[in-house]
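Written below as structure tokens is the structure these notes are about.
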Amino acid sequence: MRYNPQLIEKKWQRIWEKTGIYKTKDRVKGKKNFFCLDMFPYPSGHGLHVGHLHGYVGSDVVSRYYRMRGFNVLHPMGFDAFGLPAENAAIKFGIHPKVWTYKNIKDITKQLKSLGAMYDWKRLIITSEPDYYKWTQWLFLQLYKSGLAYRQNVPANWCKNCKTILANEQVVDGKCERCDSRVFQKNIEQWMFKITSYGEDLLSGLGNLDWPENTKTMQRNWIGRSEGWEIRFKIQNSDLKTTSQNSKFIEVFTTRADTLFGATYLVLSPEHPIIKNLKSQIANLKFVEEYIEETKKKTERERISEAKEKTGVELQGIKAVNPANGREIPVFVADYVLGGYGKGAIMAVPAHDQRDSDFSKRHNLPIIKVIKAGRERFSAERAYEGEGILVNSGEFDGMDSIKARDRIGKWLSEKGLAKKSVYYKLRDWTISRQRYWGAPIPMIYCKKCGWQTVPEEDLPVLLPPLKDFKPTEDGKSPLARVNKFVETACPKCRGRAKRETDTMDTFVCSSWYYFRFTDPKNKKQFASKEKIKIWLPVDIYIGGAEHTVGHLLYSRFFTRFLKNKKYLSFSEPFLRLSHPGIILGPDNQKMSKSKGNVITPESVTKKYGMDTLRVYEMFMGPFGDSMPWSTEGIEGSYRFLKKLQRLNSKLKSQNSKPPASPKLQRGEQFKSQKLEKLLHQTIKKVSDDIKNFRFNTAISALMILVNELQKEKQLTVNNYQLLLKLLAPFAPHLAEELWLPYGKSVHLQPWPKYDPKLVREKETTLVLQVNGKVRDKIGVEIGISEEKAKKLAISSQKIRKWIEGKKVIKIVFVPNKLINIVI
RNA sequence: GCCCGGGUGGCGGAACUGGUAUACGCAAGAGACUUAAAAUCUCUCGCCAGCAAUGGCUUGUGGGUUCAAAUCCCACCCCGGGCACCA
């Protein structure tokens, strides 16, 4: 029989759907639950290409493997359906975002179904459905009630083209991630989530996670914990004109208190509030105010591109005192100091900080060296930012700089001039979007009562149908134009009030979807406590590394919040994480429509079928690496599956012949022992490899086994069945088809076990080296003694040739591996 | 600039904890089957010298540690990803 994937794949997909073989029950007697989750796709208009499938195949292999291992596996799928691109496309093509989104969902569902994965489609969730976003809104209310959702006028990233505010994560190189146009700063009232209140916890929780080290490091850096000292610099004579406490000191934050003696000036950020308080004392107030106005006009991008310029203005008439040495030092305002971090003010140490060094040169400020490096390596160009021994630091001279940090800090704190503190780079999460296609924020503004929550029983706040969904020029959401939506009654006083018209960032929707999969139809809760307990946390989570500092961090925040509110008992949602590598086009470039190098699954399956595609994607290389697609390489995976089909024919023709003599010849007996060993080794290898996401070497082991079985004269049904079971996670359709004569589905069979005794080799090849070069190899039994081995080595003809007449200095013996004779 | 990865045949890639470098697959070449093609099967296949046996060289480059280095250490070059004035 010829291998006809198109025929058998469709057939089995139909049968699987009919028999409901992949429907997941919440509990199965005697089985442990296992949750294997894919990052659910965004329904984009281009559909999925072979690169997207890479992760989905991997997660399906894992899910199928654990299922055969006896676990009750949940492997669901859904769509992250709200978001900007739907609107952008809608505007571009003149289609309603909803129509566009649901058409894409239909197309991608078809593609995903052709994958033959064991998704439980009964649990499908779509985040733009009211019965889903009702709970997104509910979660917003819980955060609000806990003081973790708040409103603030913040300088936001404003994209003129998309007419919306972007999250920091959506700004790439000062440009809008979506449309690539310049991003400006604009102050807008926004809803924020206080993710920073979990900063410390999000950081420390990383330690125990089975995540790629890389990903953890990136999150750590993103959270950006810095330990240091807040130091107070007295303002000279300030008590003469003002009595306000706030105007007597300038507080700075530093991680390098050890360089305090080298602080030759202070710098305030343009936003610093003290500037207003000191107004009357600033001699050049006009200049200062002009400078501050200038910086406000600058975009973030301009600030970055001018990074080396280090502009700034001195506050003339103001002097501060360095508490370490009592020296009077000038005070500047400069935009290289950020208002949103630390104290919004710094002590400048030009000798040991490059930025301060750049600034000091421009403004002719004194430089005092206070750290001496172990090896004198000062250059005129660069500040020395490393550690060393203190100099020019009074009583601290000669002290190690690391030690000096705390010493100087404590010394000042005793005088009430310093305090230890910690700052994070992590900022609160702006979730307001001035867009139509998102979950409405369930808040109402009443002139009398202020902001009021929509009562929970009134949820969901439905997204009204809207014909004109284009954003407005004034930056307001298109919902602001829908009077029926906006005008409402105040839940408190019943008077006239207005609804919030912003919608939520789509990352809010995706921060909790894994909970919903456990209980997708629940009308009373986002998910029942019991179901959450059964299924979560997620055992294995598979998806792109690009979500490291966005989605993955937000999800960890939500989970912690829900734990605090006693809805769950764990704080980490994803125990194990794996990122699939990116599949590049055959030209080694990222697949993109404009480059014309996109490989669609359909173009591949037309010729080879989905099983070949699956096997090839797993075989190409390490799961997490990015690799180019090879239109020729896939040929090998196709041949592999065809060979399997031929083994089946071989088995059939064998059965029609009279059985061979039951007594094996001695040679054949030896051969069959060897084969048995290979079988057991393959079971072990494939099992271990799947567990560790090393799919490529698992398949190579299967190929070796198939090649061996093909060479065998006699193929036993046992061996053949074993092979089909090992194949089932990778090529589920073919394995199922070939299993047909043996009863119920191969996917319901138990995973084969191996005998550890049989895996172990009895013989090994001992490598004989002379001076580290391989000169001979001999077969010996495992566990051969050192003495015996050495004797054998010396008696080897080839070795003799090399050591004859030379003095043997030493013989190194590595058990079961090699002998190295040093002469 | 800083922080992570990574550099192995013509190509994708294997190689446990330092111990046979190049598994498996692709491409290529030769042959078998066939009227022919496709499919399939067998053999060759890192580089250099040699008919061969064999010998020398080889994991980005240069050094080092070791009986032994793709693997550990130092310096440098190149590629990919992330962050970016965070004091």
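We label chains A, B, ... in the order they appear in the structure tokens, count residues from 1 in each chain, and number ligands from 1 in the order shown.
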
For chain A against chain B, which residues fall within 8 Å using only C-alpha atoms (C1' of nucleotides), given as an MDAnalysis selection string? chainID A and resid 214 217:218 224 253:255 304 307 336:338 341:342 346:347 355 424:425 620:621 627:628 630 632:633 635:637 697 700:701 703:704 767 771:772 774 810:812 814 817:818 820:822

All helix (DSSP H, G or I) positions in region 252-499 of chain A, as number ranges by chain: A: 257-262, 274-277, 279-281, 285-297, 300-305, 354-362, 394-396, 401-413, 456-458, 478-481, 483-486

Filtered DSSP result for region 497-538 of chain A, state strand (DSSP E), as a ChimeraX atom specification: /A:497-499,503-504

Enter the distance from C1' of U17 (chain B) to CA of Lys685 (chain A), in Å, rounded to one decimal.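 Separation of C1' of U17 (chain B) and CA of Lys685 (chain A): 18.1 Å.
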
Which residues, written as a compact mmCIF listing (two decimals) with C-alpha atoms (C1' of nucleotides), in the first residue's frame, have at least one atom at most 12 Å from C41 (chain B), with only C-alpha atoms (C1' of nucleotides) counted and residues fewer than 6 positions away on the same chain left out?
```txt
# COMPACT_ATOMS: atom_id res chain seq x y z
CA LYS A 643 9.59 3.61 5.19
CA GLN A 710 14.00 -2.58 7.77
CA LYS A 711 17.19 -4.59 7.51
C1' G B 31 25.80 1.51 -9.19
C1' A B 32 21.18 -1.94 -9.06
C1' C B 33 15.96 -2.44 -10.58
```

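Here CA of Asn33 (chain A) and CA of Gly58 (chain A) stand 19.2 Å from one another.
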
Of A:Lys420, A:Thr19, A:Lys286, A:His46, the one sitting nearest Ser594 (chain A) when using only C-alpha atoms is A:His46

What's around region 76-82 of chain A at 6 Å? Count only C-alpha atoms (C1' of nucleotides), leave out sequence neighbours fewer than 4 positions away in its own chain, and write the answer as an NGL selection string. :A and (40-42 or 119-120 or 124-128 or 437-438 or 506)

Report, in Å to a single decimal, how far apart CA of Arg494 (chain A) and CA of Cys449 (chain A) are. 10.1 Å
